[in-house]
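Listing of final22.txt; format and content: compact mmCIF, N, CA and C atoms.
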# COMPACT_ATOMS: atom_id res chain seq x y z
N MET A 10 0.85 -1.17 0.00
CA MET A 10 0.00 0.00 0.00
C MET A 10 0.90 1.24 0.00
N THR A 11 0.62 2.17 -0.88
CA THR A 11 1.47 3.34 -1.00
C THR A 11 1.26 4.30 0.17
N LYS A 12 2.21 5.15 0.35
CA LYS A 12 2.12 6.15 1.42
C LYS A 12 0.91 7.05 1.22
N LEU A 13 0.62 7.42 -0.04
CA LEU A 13 -0.53 8.27 -0.32
C LEU A 13 -1.84 7.57 0.00
N SER A 14 -1.97 6.29 -0.36
CA SER A 14 -3.23 5.60 -0.06
C SER A 14 -3.40 5.44 1.44
N LYS A 15 -2.31 5.22 2.16
CA LYS A 15 -2.40 5.16 3.62
C LYS A 15 -2.86 6.51 4.16
N THR A 16 -2.36 7.58 3.57
CA THR A 16 -2.74 8.92 4.01
C THR A 16 -4.22 9.16 3.76
N MET A 17 -4.71 8.75 2.60
CA MET A 17 -6.12 8.95 2.27
C MET A 17 -7.01 8.15 3.21
N ILE A 18 -6.62 6.93 3.52
CA ILE A 18 -7.38 6.11 4.45
C ILE A 18 -7.36 6.75 5.83
N ALA A 19 -6.21 7.23 6.23
CA ALA A 19 -6.08 7.86 7.53
C ALA A 19 -6.93 9.12 7.62
N THR A 20 -7.06 9.82 6.51
CA THR A 20 -7.88 11.02 6.48
C THR A 20 -9.30 10.69 6.89
N ALA A 21 -9.84 9.66 6.31
CA ALA A 21 -11.20 9.27 6.64
C ALA A 21 -11.29 8.83 8.09
N ALA A 22 -10.30 8.10 8.54
CA ALA A 22 -10.31 7.63 9.92
C ALA A 22 -10.22 8.77 10.91
N PHE A 23 -9.51 9.82 10.55
CA PHE A 23 -9.38 10.98 11.42
C PHE A 23 -10.73 11.54 11.79
N ALA A 24 -11.62 11.61 10.81
CA ALA A 24 -12.95 12.15 11.08
C ALA A 24 -13.68 11.31 12.12
N VAL A 25 -13.46 10.00 12.11
CA VAL A 25 -14.09 9.13 13.09
C VAL A 25 -13.44 9.32 14.46
N ILE A 26 -12.13 9.32 14.48
CA ILE A 26 -11.39 9.41 15.73
C ILE A 26 -11.59 10.77 16.39
N ALA A 27 -11.72 11.82 15.60
CA ALA A 27 -11.81 13.18 16.12
C ALA A 27 -13.11 13.43 16.88
N THR A 28 -14.11 12.64 16.67
CA THR A 28 -15.38 12.81 17.37
C THR A 28 -15.39 11.91 18.58
N SER A 29 -16.07 12.33 19.63
CA SER A 29 -16.11 11.52 20.84
C SER A 29 -17.07 10.34 20.69
N ALA A 30 -17.99 10.42 19.76
CA ALA A 30 -18.92 9.32 19.49
C ALA A 30 -19.31 9.39 18.02
N PHE A 31 -19.78 8.28 17.50
CA PHE A 31 -20.22 8.30 16.11
C PHE A 31 -21.39 9.27 15.99
N SER A 32 -21.40 9.99 14.92
CA SER A 32 -22.40 11.01 14.68
C SER A 32 -23.04 10.76 13.33
N GLU A 33 -24.26 11.20 13.17
CA GLU A 33 -24.90 11.07 11.87
C GLU A 33 -24.58 12.27 10.98
N ALA A 34 -23.82 13.21 11.48
CA ALA A 34 -23.42 14.36 10.68
C ALA A 34 -22.40 13.92 9.64
N ALA A 35 -22.47 14.53 8.46
CA ALA A 35 -21.52 14.20 7.40
C ALA A 35 -20.13 14.70 7.76
N TRP A 36 -19.12 13.97 7.31
CA TRP A 36 -17.75 14.43 7.50
C TRP A 36 -17.54 15.63 6.62
N ASP A 37 -16.79 16.58 7.09
CA ASP A 37 -16.62 17.84 6.36
C ASP A 37 -15.21 17.92 5.78
N PHE A 38 -14.96 17.17 4.71
CA PHE A 38 -13.69 17.25 4.01
C PHE A 38 -13.77 18.42 3.05
N LYS A 39 -12.75 19.24 3.01
CA LYS A 39 -12.77 20.42 2.17
C LYS A 39 -11.78 20.26 1.01
N ALA A 40 -12.21 20.68 -0.17
CA ALA A 40 -11.33 20.66 -1.34
C ALA A 40 -10.10 21.52 -1.05
N GLY A 41 -8.96 21.05 -1.52
CA GLY A 41 -7.74 21.82 -1.33
C GLY A 41 -7.04 21.57 0.00
N MET A 42 -7.65 20.74 0.84
CA MET A 42 -7.05 20.43 2.14
C MET A 42 -6.56 18.98 2.14
N ALA A 43 -5.48 18.74 2.87
CA ALA A 43 -4.96 17.38 3.06
C ALA A 43 -5.04 17.06 4.54
N TYR A 44 -5.46 15.86 4.86
CA TYR A 44 -5.59 15.39 6.23
C TYR A 44 -4.65 14.21 6.39
N VAL A 45 -3.75 14.28 7.36
CA VAL A 45 -2.69 13.29 7.46
C VAL A 45 -2.73 12.62 8.84
N TYR A 46 -2.72 11.27 8.82
CA TYR A 46 -2.60 10.48 10.04
C TYR A 46 -1.14 10.11 10.19
N GLY A 47 -0.51 10.57 11.27
CA GLY A 47 0.91 10.32 11.48
C GLY A 47 1.19 9.29 12.55
N GLY A 48 0.19 8.56 12.97
CA GLY A 48 0.33 7.57 14.04
C GLY A 48 -0.62 7.92 15.16
N PRO A 49 -0.71 7.07 16.17
CA PRO A 49 -1.66 7.30 17.26
C PRO A 49 -1.53 8.70 17.86
N GLY A 50 -2.63 9.43 17.83
CA GLY A 50 -2.66 10.77 18.41
C GLY A 50 -2.00 11.83 17.56
N LYS A 51 -1.59 11.51 16.35
CA LYS A 51 -0.88 12.46 15.50
C LYS A 51 -1.66 12.70 14.22
N MET A 52 -2.53 13.69 14.24
CA MET A 52 -3.31 14.06 13.06
C MET A 52 -2.97 15.51 12.71
N SER A 53 -3.00 15.80 11.42
CA SER A 53 -2.80 17.17 11.00
C SER A 53 -3.62 17.45 9.75
N ALA A 54 -3.89 18.71 9.52
CA ALA A 54 -4.59 19.16 8.32
C ALA A 54 -3.84 20.38 7.81
N MET A 55 -3.70 20.45 6.51
CA MET A 55 -3.03 21.61 5.93
C MET A 55 -3.51 21.83 4.51
N ALA A 56 -3.36 23.06 4.03
CA ALA A 56 -3.73 23.38 2.66
C ALA A 56 -2.70 22.76 1.72
N MET A 57 -3.19 22.19 0.62
CA MET A 57 -2.30 21.61 -0.38
C MET A 57 -1.86 22.71 -1.34
N ALA A 58 -0.70 22.54 -1.91
CA ALA A 58 -0.23 23.47 -2.93
C ALA A 58 -1.19 23.36 -4.12
N PRO A 59 -1.64 24.48 -4.67
CA PRO A 59 -2.66 24.44 -5.71
C PRO A 59 -2.16 24.06 -7.10
N ALA A 60 -0.88 23.86 -7.29
CA ALA A 60 -0.33 23.58 -8.61
C ALA A 60 -0.87 22.29 -9.21
N GLU A 61 -1.15 22.29 -10.51
CA GLU A 61 -1.63 21.11 -11.22
C GLU A 61 -0.64 19.96 -11.10
N LYS A 62 0.65 20.26 -11.14
CA LYS A 62 1.69 19.23 -11.01
C LYS A 62 1.56 18.50 -9.67
N ASN A 63 1.28 19.24 -8.62
CA ASN A 63 1.09 18.65 -7.29
C ASN A 63 -0.12 17.73 -7.30
N HIS A 64 -1.20 18.18 -7.88
CA HIS A 64 -2.43 17.37 -7.95
C HIS A 64 -2.18 16.08 -8.73
N ARG A 65 -1.53 16.17 -9.87
CA ARG A 65 -1.24 14.98 -10.67
C ARG A 65 -0.36 14.00 -9.90
N ALA A 66 0.61 14.51 -9.16
CA ALA A 66 1.51 13.64 -8.39
C ALA A 66 0.72 12.87 -7.32
N MET A 67 -0.21 13.54 -6.66
CA MET A 67 -1.01 12.86 -5.63
C MET A 67 -1.96 11.85 -6.27
N MET A 68 -2.60 12.21 -7.36
CA MET A 68 -3.57 11.33 -7.99
C MET A 68 -2.92 10.11 -8.64
N LYS A 69 -1.64 10.18 -8.94
CA LYS A 69 -0.94 9.08 -9.58
C LYS A 69 -1.04 7.79 -8.75
N HIS A 70 -1.00 7.91 -7.44
CA HIS A 70 -1.04 6.73 -6.56
C HIS A 70 -2.31 6.66 -5.70
N ALA A 71 -3.22 7.61 -5.90
CA ALA A 71 -4.43 7.65 -5.07
C ALA A 71 -5.37 6.50 -5.42
N LYS A 72 -6.10 6.05 -4.42
CA LYS A 72 -7.12 5.02 -4.61
C LYS A 72 -8.40 5.52 -3.94
N LYS A 73 -9.50 5.33 -4.61
CA LYS A 73 -10.78 5.73 -4.05
C LYS A 73 -11.16 4.77 -2.92
N VAL A 74 -11.60 5.30 -1.81
CA VAL A 74 -12.05 4.47 -0.69
C VAL A 74 -13.42 3.91 -1.05
N PRO A 75 -13.59 2.59 -0.98
CA PRO A 75 -14.89 1.99 -1.33
C PRO A 75 -15.99 2.40 -0.35
N GLU A 76 -17.22 2.40 -0.85
CA GLU A 76 -18.36 2.65 0.04
C GLU A 76 -18.39 1.57 1.11
N ASN A 77 -19.02 1.90 2.23
CA ASN A 77 -19.16 0.96 3.35
C ASN A 77 -17.82 0.43 3.82
N THR A 78 -16.90 1.34 4.08
CA THR A 78 -15.60 1.01 4.66
C THR A 78 -15.58 1.54 6.08
N VAL A 79 -15.23 0.69 7.02
CA VAL A 79 -15.19 1.06 8.44
C VAL A 79 -13.73 1.23 8.86
N PHE A 80 -13.41 2.35 9.50
CA PHE A 80 -12.07 2.63 10.02
C PHE A 80 -12.14 2.55 11.54
N PHE A 81 -11.09 1.96 12.14
CA PHE A 81 -11.09 1.87 13.61
C PHE A 81 -9.66 1.70 14.11
N MET A 82 -9.49 1.96 15.41
CA MET A 82 -8.19 1.82 16.07
C MET A 82 -8.24 0.60 16.97
N ASP A 83 -7.11 -0.13 17.06
CA ASP A 83 -6.96 -1.25 17.96
C ASP A 83 -5.51 -1.32 18.42
N ASN A 84 -5.29 -1.26 19.72
CA ASN A 84 -3.93 -1.30 20.29
C ASN A 84 -2.98 -0.31 19.63
N GLY A 85 -3.48 0.90 19.35
CA GLY A 85 -2.64 1.96 18.81
C GLY A 85 -2.39 1.88 17.31
N SER A 86 -3.00 0.90 16.62
CA SER A 86 -2.84 0.79 15.17
C SER A 86 -4.18 1.04 14.49
N MET A 87 -4.12 1.66 13.31
CA MET A 87 -5.33 1.94 12.56
C MET A 87 -5.62 0.81 11.59
N TYR A 88 -6.90 0.44 11.50
CA TYR A 88 -7.35 -0.61 10.61
C TYR A 88 -8.57 -0.12 9.83
N TYR A 89 -8.84 -0.81 8.73
CA TYR A 89 -10.10 -0.61 8.02
C TYR A 89 -10.57 -1.94 7.48
N THR A 90 -11.89 -2.06 7.31
CA THR A 90 -12.48 -3.29 6.82
C THR A 90 -13.76 -2.96 6.06
N PRO A 91 -14.09 -3.77 5.06
CA PRO A 91 -15.38 -3.54 4.40
C PRO A 91 -16.50 -3.95 5.35
N GLY A 92 -17.56 -3.20 5.35
CA GLY A 92 -18.70 -3.49 6.21
C GLY A 92 -19.42 -2.21 6.56
N ARG A 93 -20.26 -2.29 7.55
CA ARG A 93 -20.98 -1.11 8.00
C ARG A 93 -21.33 -1.27 9.47
N LEU A 94 -21.69 -0.16 10.09
CA LEU A 94 -22.14 -0.16 11.47
C LEU A 94 -23.60 0.26 11.49
N ASP A 95 -24.41 -0.41 12.30
CA ASP A 95 -25.79 0.05 12.45
C ASP A 95 -25.81 1.21 13.44
N PRO A 96 -26.95 1.85 13.64
CA PRO A 96 -26.99 3.01 14.55
C PRO A 96 -26.55 2.74 15.98
N THR A 97 -26.56 1.47 16.38
CA THR A 97 -26.10 1.14 17.75
C THR A 97 -24.64 0.79 17.80
N GLY A 98 -23.95 0.79 16.63
CA GLY A 98 -22.52 0.52 16.60
C GLY A 98 -22.17 -0.94 16.32
N ASN A 99 -23.15 -1.79 16.05
CA ASN A 99 -22.87 -3.20 15.72
C ASN A 99 -22.37 -3.29 14.28
N PHE A 100 -21.35 -4.11 14.07
CA PHE A 100 -20.72 -4.26 12.76
C PHE A 100 -21.39 -5.35 11.95
N TYR A 101 -21.55 -5.08 10.65
CA TYR A 101 -22.09 -6.06 9.71
C TYR A 101 -21.23 -6.09 8.48
N VAL A 102 -20.95 -7.29 7.95
CA VAL A 102 -20.22 -7.44 6.70
C VAL A 102 -21.21 -7.25 5.57
N ASN A 103 -20.77 -6.57 4.53
CA ASN A 103 -21.64 -6.33 3.36
C ASN A 103 -22.04 -7.61 2.70

Could you show the structure in this file as structure tokens?
Amino acid sequence: MTKLSKTMIATAAFAVIATSAFSEAAWDFKAGMAYVYGGPGKMSAMAMAPAEKNHRAMMKHAKKVPENTVFFMDNGSMYYTPGRLDPTGNFYVN
């Protein structure tokens, strides 16, 4: 898995980790911003350079996160799995 795809996955996970409980509110990812997971407790957000060359470099290795992907932490490591959570937090495989 490339460093960029790990970063993209971590971005999504950050939104989950940053809240104290699961919320039905949509995650607010903003165009032009990068969200980086640097390890347990290490999250950052910053504006990306607007140059087309920068965008092409990121997209070269980017992978779209599939629908119904669950991100979670266990023993200080981040994981993801296909599936979904019901409103009570129970996990179901697609």

Check: Which of these residues is nearest to Ala40 (chain A), using only C-alpha atoms: A:Gly98, A:Met57, A:Met52, A:Tyr89?
Finding: A:Met57

Check: So, counting only N, CA and C atoms, which residue among A:Ala71, A:Asn103, A:Pro49, A:Ala58 is closest to Met87 (chain A)?
Finding: A:Pro49

Checklist line | atom N of Gly92 (chain A) to atom N of Pro75 (chain A), straight-line distance in Å | finding: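 Between atom N of Pro75 (chain A) and atom N of Gly92 (chain A) the gap works out to 9.5 Å.
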
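You will find atom N of Pro96 (chain A) at 25.8 Å from atom N of Gly50 (chain A).
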
Notebook entry, point to check: Closest to Val74 (chain A) among A:Pro91, A:Val102, A:Val45, A:Pro59, using only C-alpha atoms?
Noted result: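 Closest to Val74 (chain A) of all the choices is A:Pro91.
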
Notebook entry, point to check: Could you name the residues that touch Ala43 (chain A) at 8 Å or less, counting only C-alpha atoms, but leaving out those on the same chain fewer than 5 positions away, as number ranges by chain?
Noted result: A: 20, 54-57

Next item on the list: Have a look at atom N of Thr97 (chain A) and atom C of Lys73 (chain A) and let me know their distance in Å, one decimal.
Entry: 24.9 Å

Item checked: Contact residues around Arg93 (chain A) with all atoms listed in the file at 6.5 Å, ignoring same-chain residues under 2 positions, as number ranges by chain -> A: 77-79, 91, 95, 99-103
